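One structure is given below, encoded as structure tokens.
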Amino acid sequence: MKVGTYSCTVMEHRWVNARYKYLRLSCLAPLARSTVAGQFFQLACPVTESEAPFLRRPMSVYGIGPEEDRIEFLYHVKGSGTRALERLRAGDAMTMIGPLGVGFSFSPEWKRVLLVARGVGLATMAPLVPLAARAGVAITSVLSARSPGDLMTQEFLRGASASVHAVFDSDGSSAVERVEPLVKKILEQEQPNMVYTCGSNRLLALLQNLRAPGEVALEQQMACAMGVCLSCVRLFNEGGDKVFRRVCCEGPVFQLGAVAGEVQFG
């Protein structure tokens with residue numbers, strides 16, 4: 001399905017914990033059938049008469065239900081836009097633009113995948129879990145969070161079987177020097193066919209240092225999400241050269257080894 005603006009209805013909207021909220025939308029168009037893990041939508045935030053319009057918020061797909069034309073999101077309520085989005089209630093109408101970007105690659109022929117997530121990056125990779133489970137591909141995950149209350153393991157796996165390694169800021173287990181030997185051991189012993197990550201530049205750098213075979217979904221500030229405004233440009237390694245790529249339309253999923261660094265302005 002081509003990128004377009006679609007009208008949707010809020011079917012469910014609830015708090016998962018003190019930071020994150022779950023949003024389920026139903027759309028007349030069969031969006032779920034053409035949306036893949038790693039892609040995102042630009043969601044319109046509702047405004048009141050006293051508020052100026054917000055830029056649309058880019059949000060990775062958390063769940064895809066093609067049999068119900070269902071699209072789900074799991075997001076962190078932290079800024080003015082997401083606080084406005086948080087006001088939506090079941091039955092409300094909203095619009096969104098998408099599906100946007102390049103998603104994750106996946107093969108049902110693989111034996112095992114490793115998912116390394118930090119914070120809201122968990123939501124971006126969540127659609128990979130049922131994909132792997134249905135194909136009989138074993139899942140190992142390393143989930144990083146501020147504290148056990150922020151982890152959302154059940155929301156990530158949604159009933160799928162997986163080997164889970166949880167690390168936290170609160171006890172220091174999420175420090176790179178402690179996560180690195182854990183990930184190294186998993187790579188050596190389990191030899192996953194693909195490693196996925198999202199949500200932390202530190203974890204990205206760690207996986208690059210370990211030369212893990214994988215992909216990363218980059219989190220980047222976006223305005224237009226169409227490749228025009230260039231607000232999401234980052235630096236990449238390609239064929240021995242440094243090149244600029246737009247995360248919104250040439251990503252947000254890239255090969256782990258290709259990411260060179262963030263562009264600094266000013």
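By order of appearance in the structure tokens: chains A, B, ..., then residues from 1 within every chain, and ligands from 1 in the order shown.
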
Do you know which residues are at most 10 Å from Arg24 of chain A counting only C-alpha atoms, after dropping those on the same chain fewer than 4 positions away, and could you put them as a VMD selection string?
-> chain A and resid 8 to 14 62 to 64 70 to 74 90

With a distance cut-off of 8 Å and only C-alpha atoms, select the neighbouring residues of Gly119 of chain A, excluding the residue or stretch itself and same-chain residues fewer than 4 positions from it, and output the selection as a ChimeraX atom specification.
-> /A:144-146,150-151,199

What does the distance between atom CA of Ala32 of chain A and atom CA of Arg56 of chain A come to in Å, to one decimal place?
->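 According to the coordinates, atom CA of Ala32 of chain A and atom CA of Arg56 of chain A are separated by 20.1 Å.
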
Option closest in space to Ala117 of chain A, from A:Arg234, A:Lys242, A:Arg202, A:Arg57 [counting only C-alpha atoms] |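 Closest to Ala117 of chain A, using only C-alpha atoms: A:Arg202.
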
Choose the residue, out of A:Ser163, A:Ser34, A:Gln255, A:Thr95, that has the smallest atom-to-atom separation from Leu207 of chain A; count only C-alpha atoms.
->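 For Leu207 of chain A, the nearest of the given residues is A:Gln255.
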
Fewer than 2 positions away in the same chain doesn't count, so skip those; otherwise give me all residues within 12 Å of Ala175 of chain A, counting only C-alpha atoms, as a ChimeraX atom specification.
-> /A:118,144-146,167-173,177-182,200,202-203,206

Who sits within 6 Å of segment 129-139 of chain A, only C-alpha atoms, same chain under 5 positions skipped, as an MDAnalysis selection string = chainID A and resid 108 111:113 162

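Reported to one decimal place, the separation of atom CA of Ala225 of chain A from atom CA of Phe40 of chain A is 9.5 Å.
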